[in-house]
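Okay, query15.csv now, which holds CSV, C-alpha atoms:
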```csv
chain,number,residue,atom,x,y,z
A,62,MET,CA,151.6,-26.1,-77.7
A,63,ASN,CA,152.3,-22.8,-76.0
A,64,ASP,CA,151.9,-24.5,-72.6
A,65,ASN,CA,154.4,-27.2,-73.6
A,66,VAL,CA,156.9,-24.6,-74.8
A,67,THR,CA,156.5,-22.6,-71.6
A,68,GLY,CA,156.9,-25.7,-69.5
A,69,ARG,CA,160.0,-26.7,-71.4
A,70,ARG,CA,161.6,-23.3,-70.9
A,71,GLU,CA,160.8,-23.3,-67.2
A,72,PHE,CA,162.3,-26.8,-66.9
A,73,LEU,CA,165.5,-25.7,-68.7
A,74,ARG,CA,165.7,-22.6,-66.5
A,75,VAL,CA,165.4,-24.6,-63.3
A,76,ALA,CA,167.8,-27.2,-64.6
A,77,ALA,CA,170.4,-24.5,-65.3
A,78,ILE,CA,170.1,-23.2,-61.8
A,79,VAL,CA,170.5,-26.6,-60.3
A,80,THR,CA,173.5,-27.4,-62.5
A,81,ALA,CA,175.1,-24.0,-61.5
A,82,GLY,CA,174.5,-24.9,-57.9
A,83,ALA,CA,176.3,-28.2,-58.3
A,84,GLY,CA,179.2,-26.2,-59.8
A,85,PHE,CA,179.2,-24.0,-56.7
A,86,LEU,CA,179.5,-27.0,-54.5
A,87,SER,CA,182.4,-28.4,-56.4
A,88,SER,CA,184.2,-25.1,-56.9
A,89,PRO,CA,187.8,-24.8,-55.5
A,90,ALA,CA,187.9,-24.2,-51.8
A,91,ARG,CA,189.6,-20.9,-52.2
A,92,VAL,CA,188.6,-17.7,-50.3
A,93,TRP,CA,189.5,-14.1,-51.1
A,94,GLY,CA,190.8,-14.0,-47.5
A,95,ARG,CA,192.3,-11.2,-45.7
A,96,ASN,CA,194.9,-13.1,-43.6
A,97,GLN,CA,197.8,-14.9,-45.1
A,98,GLY,CA,198.3,-17.0,-42.0
A,99,GLY,CA,195.1,-18.9,-42.3
A,100,LYS,CA,193.7,-17.7,-38.9
A,101,LEU,CA,190.2,-16.8,-37.9
A,102,LEU,CA,190.3,-13.3,-36.5
A,103,LYS,CA,187.9,-12.0,-33.8
A,104,ALA,CA,186.5,-8.5,-34.3
A,105,CYS,CA,183.8,-6.3,-32.9
A,106,GLN,CA,182.0,-3.2,-34.2
A,107,TYR,CA,183.1,0.3,-33.2
A,108,ARG,CA,179.5,1.1,-32.1
A,109,MET,CA,179.7,-1.7,-29.5
A,110,LEU,CA,182.5,0.0,-27.6
A,111,PRO,CA,181.5,2.3,-24.7
A,112,LYS,CA,180.5,5.7,-26.1
A,113,GLN,CA,182.0,7.7,-23.2
A,114,LEU,CA,185.5,6.6,-24.1
A,115,SER,CA,187.9,8.3,-26.5
A,116,ASP,CA,188.9,6.5,-29.6
A,117,ALA,CA,192.2,5.5,-28.2
A,118,GLU,CA,190.5,4.2,-25.1
A,119,LYS,CA,188.0,2.3,-27.1
A,120,PHE,CA,190.6,0.5,-29.2
A,121,ALA,CA,192.7,-0.3,-26.2
A,122,LEU,CA,189.6,-1.8,-24.5
A,123,ALA,CA,188.8,-3.9,-27.6
A,124,LYS,CA,192.3,-5.3,-27.5
A,125,LYS,CA,192.2,-5.9,-23.8
A,126,CYS,CA,188.9,-7.8,-24.2
A,127,GLY,CA,190.5,-10.2,-26.7
A,128,PHE,CA,189.5,-8.7,-30.1
A,129,GLU,CA,191.9,-8.5,-33.1
A,130,GLY,CA,190.1,-6.0,-35.2
A,131,VAL,CA,187.3,-3.5,-35.4
A,132,GLU,CA,184.6,-2.8,-38.0
A,133,ASP,CA,183.5,0.9,-38.3
A,134,SER,CA,181.1,3.1,-40.2
A,135,PRO,CA,182.1,5.8,-42.7
A,136,LEU,CA,183.3,9.2,-41.6
A,137,ALA,CA,182.8,12.3,-43.8
A,138,ASP,CA,186.1,13.8,-42.7
A,139,LEU,CA,188.9,11.8,-44.3
A,140,GLU,CA,191.6,13.3,-42.0
A,141,ALA,CA,189.6,12.2,-39.0
A,142,ALA,CA,189.2,8.8,-40.7
A,143,LYS,CA,192.9,8.5,-41.2
A,144,ARG,CA,193.6,9.4,-37.6
A,145,ARG,CA,191.0,6.9,-36.3
A,146,GLY,CA,192.6,4.2,-38.4
A,147,GLU,CA,196.1,5.0,-37.0
A,148,LEU,CA,194.8,4.8,-33.4
A,149,ALA,CA,193.2,1.4,-34.1
A,150,ARG,CA,196.5,0.0,-35.6
A,151,GLU,CA,198.5,1.4,-32.7
A,152,ALA,CA,196.2,-0.4,-30.3
A,153,GLY,CA,196.6,-3.7,-32.3
A,154,VAL,CA,193.0,-3.8,-33.5
A,155,PRO,CA,193.0,-2.5,-37.1
A,156,ILE,CA,189.8,-1.3,-38.7
A,157,HIS,CA,189.3,-4.0,-41.2
A,158,SER,CA,186.0,-3.0,-42.9
A,159,LEU,CA,183.3,-0.4,-42.9
A,160,VAL,CA,179.5,-0.8,-42.9
A,161,PHE,CA,177.9,1.5,-45.5
A,162,GLY,CA,174.6,-0.3,-45.7
A,163,GLY,CA,172.5,1.3,-48.3
A,164,TRP,CA,169.0,0.8,-46.9
A,165,ASN,CA,167.9,4.4,-47.3
A,166,THR,CA,169.4,4.9,-50.8
A,167,PRO,CA,169.2,1.5,-52.4
A,168,LEU,CA,170.9,0.9,-55.8
A,169,SER,CA,167.7,-0.9,-56.8
A,170,ASP,CA,165.5,2.2,-56.5
A,171,PRO,CA,163.7,3.3,-59.7
A,172,ARG,CA,164.4,7.0,-58.9
A,173,ALA,CA,167.6,8.3,-60.4
A,174,GLU,CA,168.1,10.8,-57.6
A,175,VAL,CA,168.0,8.1,-54.9
A,176,VAL,CA,170.5,5.9,-56.8
A,177,GLU,CA,172.8,8.9,-57.3
A,178,LYS,CA,172.8,9.4,-53.5
A,179,GLY,CA,173.5,5.8,-53.0
A,180,LEU,CA,176.4,5.8,-55.4
A,181,ALA,CA,177.9,8.9,-53.9
A,182,GLY,CA,177.6,7.5,-50.4
A,183,MET,CA,179.3,4.3,-51.4
A,184,GLU,CA,182.1,6.1,-53.2
A,185,SER,CA,182.6,8.2,-50.0
A,186,ALA,CA,182.6,5.1,-47.9
A,187,MET,CA,185.3,3.4,-50.0
A,188,ARG,CA,187.5,6.5,-49.8
A,189,CYS,CA,187.0,6.5,-46.1
A,190,ALA,CA,187.9,2.9,-45.9
A,191,LYS,CA,191.1,3.6,-47.8
A,192,ALA,CA,191.9,6.4,-45.3
A,193,MET,CA,191.3,4.2,-42.3
A,194,GLY,CA,193.4,1.3,-43.7
A,195,ALA,CA,190.3,-1.0,-44.3
A,196,ASP,CA,190.0,-3.0,-47.4
A,197,ALA,CA,186.2,-3.8,-47.5
A,198,VAL,CA,182.9,-2.0,-47.4
A,199,LEU,CA,179.6,-3.8,-46.6
A,200,LEU,CA,176.8,-2.9,-49.0
A,201,VAL,CA,173.2,-3.9,-49.0
A,202,PRO,CA,172.9,-4.6,-52.7
A,203,ALA,CA,169.2,-4.1,-53.2
A,204,VAL,CA,165.8,-3.8,-51.4
A,205,VAL,CA,162.7,-5.5,-52.8
A,206,THR,CA,159.5,-3.6,-51.9
A,207,GLU,CA,155.8,-3.5,-52.8
A,208,THR,CA,156.8,-1.3,-55.8
A,209,VAL,CA,160.3,-2.7,-56.7
A,210,ARG,CA,160.0,-6.2,-58.1
A,211,TYR,CA,162.6,-8.8,-57.4
A,212,ALA,CA,163.8,-9.0,-61.1
A,213,GLU,CA,164.1,-5.2,-61.2
A,214,ALA,CA,166.1,-5.1,-58.0
A,215,TYR,CA,168.4,-7.8,-59.4
A,216,GLU,CA,169.1,-6.0,-62.7
A,217,ARG,CA,169.3,-2.4,-61.4
A,218,SER,CA,171.6,-3.3,-58.4
A,219,GLN,CA,174.0,-5.1,-60.7
A,220,ARG,CA,174.0,-2.3,-63.2
A,221,ASN,CA,174.7,0.3,-60.6
A,222,ILE,CA,177.2,-1.6,-58.6
A,223,ARG,CA,179.2,-2.0,-61.8
A,224,LYS,CA,179.6,1.8,-61.8
A,225,LEU,CA,181.5,1.5,-58.5
A,226,LEU,CA,183.9,-1.2,-59.5
A,227,PRO,CA,186.5,1.1,-61.2
A,228,LEU,CA,186.9,3.1,-58.0
A,229,ALA,CA,187.0,-0.1,-55.9
A,230,GLU,CA,189.8,-1.4,-58.1
A,231,GLN,CA,191.7,1.9,-58.0
A,232,LEU,CA,191.4,2.1,-54.2
A,233,GLN,CA,191.9,-1.7,-53.7
A,234,VAL,CA,188.8,-1.8,-51.6
A,235,THR,CA,186.4,-4.7,-51.9
A,236,ILE,CA,182.6,-4.1,-52.2
A,237,ALA,CA,181.1,-6.8,-49.9
A,238,VAL,CA,177.4,-7.5,-50.5
A,239,GLU,CA,175.6,-9.0,-47.5
A,240,ASN,CA,172.7,-11.3,-47.0
A,241,VAL,CA,170.2,-9.3,-45.0
A,242,TRP,CA,166.4,-9.1,-44.4
A,243,ASN,CA,165.8,-7.2,-47.7
A,244,LYS,CA,163.7,-9.9,-49.4
A,245,PHE,CA,166.5,-10.4,-51.9
A,246,LEU,CA,169.0,-13.1,-52.7
A,247,LEU,CA,167.1,-15.6,-50.6
A,248,SER,CA,169.1,-18.7,-51.4
A,249,PRO,CA,172.9,-19.4,-51.2
A,250,VAL,CA,172.9,-20.7,-54.8
A,251,GLU,CA,171.4,-17.4,-56.0
A,252,PHE,CA,173.8,-15.4,-53.8
A,253,ALA,CA,176.8,-17.2,-55.3
A,254,ARG,CA,175.5,-16.7,-58.8
A,255,TYR,CA,174.9,-13.0,-58.2
A,256,ILE,CA,178.5,-12.6,-57.1
A,257,ASP,CA,179.9,-14.6,-60.1
A,258,GLU,CA,178.0,-12.6,-62.6
A,259,PHE,CA,180.2,-9.6,-61.8
A,260,ASP,CA,183.3,-11.6,-62.5
A,261,HIS,CA,185.4,-9.0,-60.6
A,262,PRO,CA,187.8,-9.6,-57.8
A,263,ARG,CA,186.6,-6.5,-55.9
A,264,LEU,CA,183.0,-7.7,-55.7
A,265,ARG,CA,182.6,-10.3,-53.0
A,266,ALA,CA,180.2,-11.7,-50.4
A,267,TYR,CA,179.7,-10.8,-46.8
A,268,VAL,CA,177.9,-13.6,-45.0
A,269,ASP,CA,176.0,-13.1,-41.8
A,270,VAL,CA,175.5,-16.5,-40.2
A,271,GLY,CA,172.4,-15.4,-38.3
A,272,ASN,CA,170.4,-13.7,-41.0
A,273,MET,CA,169.2,-16.8,-42.8
A,274,ILE,CA,168.2,-18.9,-39.8
A,275,LEU,CA,164.5,-18.3,-40.3
A,276,PHE,CA,164.6,-19.9,-43.8
A,277,GLY,CA,167.9,-21.7,-44.1
A,278,TYR,CA,171.1,-23.0,-42.5
A,279,ALA,CA,174.3,-21.0,-42.0
A,280,GLN,CA,176.6,-24.0,-42.8
A,281,ASP,CA,174.8,-24.5,-46.1
A,282,TRP,CA,175.3,-20.8,-47.0
A,283,LEU,CA,179.0,-20.9,-46.1
A,284,ARG,CA,179.7,-24.1,-48.1
A,285,THR,CA,177.8,-22.9,-51.1
A,286,VAL,CA,179.1,-19.3,-51.3
A,287,GLY,CA,182.5,-20.6,-50.3
A,288,ARG,CA,185.4,-18.9,-51.9
A,289,ARG,CA,183.4,-15.8,-52.6
A,290,ILE,CA,183.2,-14.8,-48.9
A,291,VAL,CA,185.4,-11.9,-47.9
A,292,ARG,CA,184.0,-11.2,-44.4
A,293,ILE,CA,181.7,-12.9,-41.9
A,294,HIS,CA,179.3,-11.4,-39.3
A,295,LEU,CA,178.5,-13.4,-36.2
A,296,LYS,CA,175.0,-13.3,-34.7
A,297,ASP,CA,172.6,-15.9,-33.3
A,298,PHE,CA,168.9,-16.3,-33.6
A,299,LYS,CA,166.2,-18.3,-31.8
A,300,ARG,CA,163.4,-19.5,-34.1
A,301,GLN,CA,161.1,-20.1,-31.2
A,302,GLY,CA,160.1,-16.7,-29.9
A,303,TYR,CA,161.6,-15.1,-33.1
A,304,ARG,CA,164.4,-13.2,-31.3
A,305,TRP,CA,168.1,-12.5,-31.5
A,306,THR,CA,170.3,-14.0,-28.8
A,307,ASN,CA,173.9,-13.8,-27.7
A,308,LEU,CA,176.3,-16.1,-29.5
A,309,LEU,CA,175.9,-19.8,-28.6
A,310,GLU,CA,172.4,-19.3,-27.2
A,311,GLY,CA,170.3,-19.5,-30.4
A,312,ASP,CA,169.7,-22.0,-33.2
A,313,VAL,CA,172.9,-21.4,-35.3
A,314,ASN,CA,174.6,-24.8,-35.5
A,315,TRP,CA,178.0,-23.6,-34.4
A,316,PRO,CA,179.9,-26.9,-34.7
A,317,GLN,CA,178.7,-27.2,-38.3
A,318,VAL,CA,179.5,-23.6,-39.0
A,319,ARG,CA,183.0,-24.2,-37.7
A,320,ARG,CA,183.4,-27.3,-39.9
A,321,ALA,CA,182.2,-25.3,-42.9
A,322,LEU,CA,184.7,-22.6,-42.3
A,323,ASP,CA,187.5,-25.2,-42.4
A,324,GLU,CA,186.0,-26.8,-45.6
A,325,ILE,CA,186.0,-23.5,-47.5
A,326,GLY,CA,189.4,-22.4,-46.2
A,327,TYR,CA,188.1,-19.1,-44.7
A,328,ASP,CA,190.9,-17.2,-43.0
A,329,GLY,CA,189.7,-13.8,-42.1
A,330,TYR,CA,187.8,-11.6,-39.8
A,331,MET,CA,184.6,-12.7,-38.0
A,332,THR,CA,182.9,-9.6,-36.6
A,333,THR,CA,180.2,-9.7,-33.9
A,334,GLU,CA,177.2,-7.6,-34.8
A,335,LEU,CA,175.4,-7.4,-31.4
A,336,GLY,CA,174.6,-4.8,-28.8
A,337,GLY,CA,177.4,-3.0,-27.1
A,338,GLY,CA,178.5,-3.2,-23.5
A,339,ASP,CA,181.2,-2.8,-20.8
A,340,GLU,CA,184.5,-4.6,-20.4
A,341,ALA,CA,183.0,-7.7,-18.8
A,342,TYR,CA,180.4,-8.1,-21.6
A,343,LEU,CA,182.9,-7.6,-24.4
A,344,THR,CA,185.4,-10.0,-22.8
A,345,ASP,CA,182.7,-12.7,-22.5
A,346,LEU,CA,181.7,-12.1,-26.1
A,347,ALA,CA,185.3,-12.6,-27.3
A,348,GLN,CA,185.5,-15.8,-25.2
A,349,ARG,CA,182.4,-17.1,-26.9
A,350,ILE,CA,184.0,-16.6,-30.2
A,351,ASP,CA,187.1,-18.5,-28.9
A,352,LYS,CA,184.8,-21.4,-28.1
A,353,ILE,CA,183.4,-21.3,-31.6
A,354,ILE,CA,186.9,-21.3,-33.1
A,355,ALA,CA,188.0,-24.2,-30.8
A,356,MET,CA,185.1,-26.4,-32.0
A,357,LYS,CA,186.3,-29.5,-33.8
A,358,PRO,CA,183.3,-31.5,-34.9
A,359,ALA,CA,183.8,-35.2,-35.7
```
Show how you would write the structure in this file as structure tokens.
Amino acid sequence: MNDNVTGRREFLRVAAIVTAGAGFLSSPARVWGRNQGGKLLKACQYRMLPKQLSDAEKFALAKKCGFEGVEDSPLADLEAAKRRGELAREAGVPIHSLVFGGWNTPLSDPRAEVVEKGLAGMESAMRCAKAMGADAVLLVPAVVTETVRYAEAYERSQRNIRKLLPLAEQLQVTIAVENVWNKFLLSPVEFARYIDEFDHPRLRAYVDVGNMILFGYAQDWLRTVGRRIVRIHLKDFKRQGYRWTNLLEGDVNWPQVRRALDEIGYDGYMTTELGGGDEAYLTDLAQRIDKIIAMKPA
């Protein structure tokens, strides 16, 4: 009797997830986009620009190479952050988002002092984003470890992220949780459900099209997470040899990714997350993104 009851509960649980997944697939193709014109925008990360250049020179180079925006990391000095944001806008490559991360102070940690550092760091990152003129901050939502169970990471991270939402709303900065190699949110259905459970316009998804290639397909993640996506990272990965590659040289199905972007109506920044380089390298990288944008699969 007990086994039958347990089996019945498990069946109902799985059925609920599958039903929810069907709902995700049929949800409106609406994205919390950052660009009213419906255009895919090319961006690079600040750390990819030559270190020997001044900020003004870095942003001018990014523009010259063909990029339309830059993603940065938080600065402790808000005046310096404001100035950097101004320089980026003057060059025509606004800082559109920041990468806070959260690996070292995960909001899933059982230790209160670690969580407090993580919350304080994320609050500081959101204030920095506001000063720079950016409207999104990437957050690694949780980290599953030998001592932090998956279910604990899920519950704790949601509980602690909710503490950040009032400030996010006040600053009009979106918390963008990303799919990373943290042994957490391992399917697009679960990722979408995790976002929906917050039921808040300032909590959205940041999808990296290379991070799931070992165990899934980028186009599936894009279609399933759909309207919840606020930013996209561009990387490529080769399954054979287990290595990262330049764009268009790995196993990401770029024609299908391009089709999926059209289907979900995504109209925002796509930021390369690769190693840095000189003008020739960055120009080539921007041109590779142009090739992806121009793809029109049958």
Quick one: of A:Pro167, A:Gly271, A:Gly277, A:Pro316, who's nearest to Ile353 of chain A, counting all atoms listed in the file?
->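 Closest residue, counting all atoms listed in the file: A:Pro316.
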Coordinates-based distance that separates atom CA of Arg172 of chain A from atom CA of Val204 of chain A (Å, one decimal) = 13.2 Å
Could you tell me how far atom CA of Glu310 of chain A lies from atom CA of Asp323 of chain A, in Å and to one decimal?
-> 22.2 Å
At what distance in Å, to one decimal, does atom CA of Val160 of chain A lie from atom CA of Tyr278 of chain A?
->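 One can read the atom CA of Tyr278 of chain A to atom CA of Val160 of chain A distance as 23.7 Å.
All residues of protein, DNA or RNA that reach within 12 Å of Pro171 of chain A, judged by only C-alpha atoms and not counting those fewer than 5 positions away in the chain, are Thr166, Val176, Glu177, Ala203, Val204, Val205, Thr206, Thr208, Val209, Arg210, Glu213, Ala214, Glu216, Arg217, Ser218 and Asn221 of chain A.
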Keeping only C-alpha atoms, write those residues as a PDB file, in the frame of the given file.
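This is the output file selection_14.pdb:
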```pdb
ATOM      1  CA  THR A 166     169.400   4.900 -50.800  1.00  0.00           C
ATOM      2  CA  VAL A 176     170.500   5.900 -56.800  1.00  0.00           C
ATOM      3  CA  GLU A 177     172.800   8.900 -57.300  1.00  0.00           C
ATOM      4  CA  ALA A 203     169.200  -4.100 -53.200  1.00  0.00           C
ATOM      5  CA  VAL A 204     165.800  -3.800 -51.400  1.00  0.00           C
ATOM      6  CA  VAL A 205     162.700  -5.500 -52.800  1.00  0.00           C
ATOM      7  CA  THR A 206     159.500  -3.600 -51.900  1.00  0.00           C
ATOM      8  CA  THR A 208     156.800  -1.300 -55.800  1.00  0.00           C
ATOM      9  CA  VAL A 209     160.300  -2.700 -56.700  1.00  0.00           C
ATOM     10  CA  ARG A 210     160.000  -6.200 -58.100  1.00  0.00           C
ATOM     11  CA  GLU A 213     164.100  -5.200 -61.200  1.00  0.00           C
ATOM     12  CA  ALA A 214     166.100  -5.100 -58.000  1.00  0.00           C
ATOM     13  CA  GLU A 216     169.100  -6.000 -62.700  1.00  0.00           C
ATOM     14  CA  ARG A 217     169.300  -2.400 -61.400  1.00  0.00           C
ATOM     15  CA  SER A 218     171.600  -3.300 -58.400  1.00  0.00           C
ATOM     16  CA  ASN A 221     174.700   0.300 -60.600  1.00  0.00           C
TER      17      ASN A 221
END
```
With all atoms listed in the file as the basis for distance, which of A:Arg349, A:Lys143, A:Arg319, A:Arg220 is at the shortest distance from Leu283 of chain A?
-> A:Arg319
Tell me which protein, DNA and RNA residues are within 9 Å of segment 228-236 of chain A, counting only C-alpha atoms, leaving out same-chain ones fewer than 3 positions away, and put them as an MDAnalysis selection string.
-> chainID A and resid 184 187:188 190:191 195:200 222 224:225 262:266 291
Closest contacts (segment 250-318 of chain A/segment 324-335 of chain A, max 12 Å, only C-alpha atoms) as CSV:
```
residue,atom,partner,partner_atom,distance
A:Tyr267,CA,A:Met331,CA,10.2
A:Val268,CA,A:Met331,CA,9.7
A:Asp269,CA,A:Glu334,CA,9.0
A:Val270,CA,A:Met331,CA,10.1
A:Gly271,CA,A:Glu334,CA,9.8
A:Asn272,CA,A:Glu334,CA,11.0
A:Gln280,CA,A:Glu324,CA,10.2
A:Asp281,CA,A:Ile325,CA,11.3
A:Trp282,CA,A:Ile325,CA,11.0
A:Leu283,CA,A:Ile325,CA,7.6
A:Arg284,CA,A:Ile325,CA,6.4
A:Thr285,CA,A:Ile325,CA,9.0
A:Val286,CA,A:Ile325,CA,8.9
A:Gly287,CA,A:Ile325,CA,5.3
A:Arg288,CA,A:Ile325,CA,6.4
A:Arg289,CA,A:Ile325,CA,9.6
A:Ile290,CA,A:Tyr327,CA,7.8
A:Val291,CA,A:Gly329,CA,7.5
A:Arg292,CA,A:Tyr330,CA,6.0
A:Ile293,CA,A:Met331,CA,4.9
A:His294,CA,A:Thr332,CA,4.8
A:Leu295,CA,A:Thr333,CA,4.7
A:Lys296,CA,A:Glu334,CA,6.1
A:Asp297,CA,A:Leu335,CA,9.1
A:Phe298,CA,A:Leu335,CA,11.2
A:Trp305,CA,A:Leu335,CA,8.9
A:Thr306,CA,A:Leu335,CA,8.7
A:Asn307,CA,A:Leu335,CA,7.5
A:Leu308,CA,A:Thr333,CA,8.7
A:Gln317,CA,A:Glu324,CA,10.3
A:Val318,CA,A:Glu324,CA,9.8
```
May I have the residues within 7 Å of segment 121-131 of chain A as a PyMOL selection string, using all atoms listed in the file and disregarding those fewer than 3 positions away in the same chain?
-> chain A and resi 102-107+117-118+152-157+340+343-344+347
Nearest to Ala253 of chain A: which of A:Met356, A:Asn240, A:Leu139, A:Asp170 is it, counting only C-alpha atoms?
->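 Result for the nearest residue to Ala253 of chain A: A:Asn240.
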